[in-house]
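Everything below concerns the one structure shown next.
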Amino acid sequence: MVWSLADERFQENLEAAKAYYEQHWTLCAPRSATMLDRPVGQWLSNLRRPGALEGHPEWKAALEAVDEDWNPQWPADWQRHYAALRELVADEDGQAGAVKVLPGFTVHGMDIGKWLARQRKPEMWQALTDGQRERLERLGITPLAPEPEEPVKASTAPLSAFERGVAALAQYKAREGTVKVPRGHVERLEDGTEVKLGVFLSNSKSRRAKLTADRLAVLANLGLEWAAA
């Protein structure tokens, strides 16, 4: 005797779902998937809708008995790719590190190699949920190390006469507390370069009209009032 037509239909669809799982290692089937002449993909998608299993805890338990991740907290498409990877490495003691899964390697029409490479990127790995990372780690998957930042290379270009003059003025000001420099003063920089600082300032002031706005701003910032005028 059939006690419930709904229960009967559920059991029939569940058998199709089990058959699908045996082939694909997941119940996160795409909506278009069929098995045993039943639209198992659409059926599972309907059951994943909020409230679809209210009043039927036994249905939920039956689905979880087949696949604990039949209704994951993350996208079903991600689960499909993960299941395909798990299927791929099943013969390698379940460890993806035992086999090279390179981009272009497909399972059930999915490029698992490309997908795996994307998951291992540090920024992508951080964006995954704890559950997703845990499942990847079960397969021996770890994130790639962040690429080291390129060190800032010190400029090897020689300083221009203006730059040497500015460096000398800054050094002089830091030591003497003033930018009033005697005409004959020579400032020695840390690299041993000698700069006729007094002559530099005198010449810069007399050629003020020819200096660019940027150079005038640099001199003004050091405290030369004539450069700011």
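In the structure tokens, each chain is lettered A, B, ... as it comes, each chain's residues begin at 1, and ligands are numbered from 1 in order of appearance.
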
Query - Residue contacts of Ala117 of chain A (9 Å, only C-alpha atoms) excluding same-chain residues fewer than 6 positions away, as a ChimeraX atom specification - result: /A:101-103

Query raised in the report: Near segment 158-174 of chain A, within 7 Å and counting only C-alpha atoms, which residues show up once chain neighbours fewer than 3 positions away are dropped, as number ranges by chain?
Result: A: 177-179, 187, 189, 195, 197, 200, 222

Requested in this report: Pick out each residue of segment 112-152 of chain A that DSSP on the backbone tags as helix (DSSP H, G or I); I need them as a list in words.
Outcome: Ile112, Gly113, Lys114, Trp115, Leu116, Ala117, Arg118, Gln119, Pro122, Glu123, Met124, Trp125, Gln126, Ala127, Asp130, Gly131, Gln132, Arg133, Glu134, Arg135, Leu136, Glu137 and Arg138 of chain A

Query raised in the report: Taking only C-alpha atoms into account, which of A:Glu190, A:Glu147, A:Glu22, A:Asp69 comes nearest Pro122 of chain A?
Result: A:Glu147

Query raised in the report: Of the candidates A:Arg133, A:Lys121, A:Lys210, A:His24, which shows the shortest atom-to-atom distance to Pro146 of chain A, using only C-alpha atoms?
Result: A:Lys121

Query raised in the report: Looking at A:Glu58, A:Leu63, A:Tyr82, A:Val89, which one is nearest to Glu134 of chain A, with distances taken over only C-alpha atoms?
Result: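 Checking each candidate against Glu134 of chain A, we get A:Tyr82 as the closest.
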
Query raised in the report: Which of these residues is nearest to Leu139 of chain A, using only C-alpha atoms: A:Trp25, A:Pro72, A:Val218, A:Leu88?
Result: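 Smallest distance to Leu139 of chain A is found for A:Leu88.
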
Query raised in the report: In segment 22-183 of chain A, what's strand (DSSP E) per DSSP? Answer as a PyMOL selection string?
Result: chain A and resi 106-107+110-111

Same residues, all heavy atoms, saved as a tab-separated table (two decimals), in the first residue's frame:
```tsv
chain	number	residue	atom	x	y	z
A	106	THR	N	40.30	18.16	-17.92
A	106	THR	CA	38.84	18.24	-17.73
A	106	THR	C	38.27	16.95	-17.16
A	106	THR	O	38.77	15.85	-17.43
A	106	THR	CB	38.12	18.56	-19.04
A	106	THR	OG1	38.38	17.52	-20.00
A	106	THR	CG2	38.60	19.89	-19.61
A	107	VAL	N	37.22	17.10	-16.37
A	107	VAL	CA	36.44	15.98	-15.83
A	107	VAL	C	34.97	16.36	-15.99
A	107	VAL	O	34.56	17.44	-15.55
A	107	VAL	CB	36.76	15.73	-14.34
A	107	VAL	CG1	35.89	14.59	-13.81
A	107	VAL	CG2	38.23	15.41	-14.14
A	110	MET	N	34.38	19.80	-17.23
A	110	MET	CA	34.85	20.94	-16.42
A	110	MET	C	36.37	20.98	-16.41
A	110	MET	O	37.02	19.94	-16.20
A	110	MET	CB	34.31	20.84	-14.99
A	110	MET	CG	32.81	20.93	-14.88
A	110	MET	SD	32.20	20.74	-13.17
A	110	MET	CE	32.48	18.97	-12.92
A	111	ASP	N	36.93	22.16	-16.62
A	111	ASP	CA	38.38	22.33	-16.58
A	111	ASP	C	38.83	22.37	-15.11
A	111	ASP	O	38.91	23.44	-14.50
A	111	ASP	CB	38.80	23.61	-17.31
A	111	ASP	CG	40.31	23.70	-17.54
A	111	ASP	OD1	41.07	23.13	-16.72
A	111	ASP	OD2	40.73	24.34	-18.51
```

Report task. Within 10 Å of Trp59 of chain A, counting only C-alpha atoms, which residues show up once you throw out same-chain ones fewer than 5 positions away? Write them as a PyMOL selection string, please. Result -> chain A and resi 7+10-11+14+47+53-54+64-65

Query - Minimum-distance residue to Trp70 of chain A, chosen among A:Leu116, A:Ala84, A:Ala17, A:Val99 (using only C-alpha atoms) - result: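 Among the listed residues, the smallest separation from Trp70 of chain A belongs to A:Ala17.
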
Report task. Quote the spacing between atom CA of Asn203 of chain A and atom CA of Ala228 of chain A in Å to one decimal place. Result ->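 So the two atoms, atom CA of Asn203 of chain A and atom CA of Ala228 of chain A, lie 16.2 Å apart.
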
Report task. To one decimal in Å, tell me the separation between atom CA of Trp43 of chain A and atom CA of Asn13 of chain A. Result ->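 Calculated distance between atom CA of Trp43 of chain A and atom CA of Asn13 of chain A is 7.7 Å.
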
Query - Gap from atom CA of Val181 of chain A to atom CA of Gly198 of chain A - Å, one decimal - result: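 Answer for the atom CA of Val181 of chain A to atom CA of Gly198 of chain A separation: 5.6 Å.
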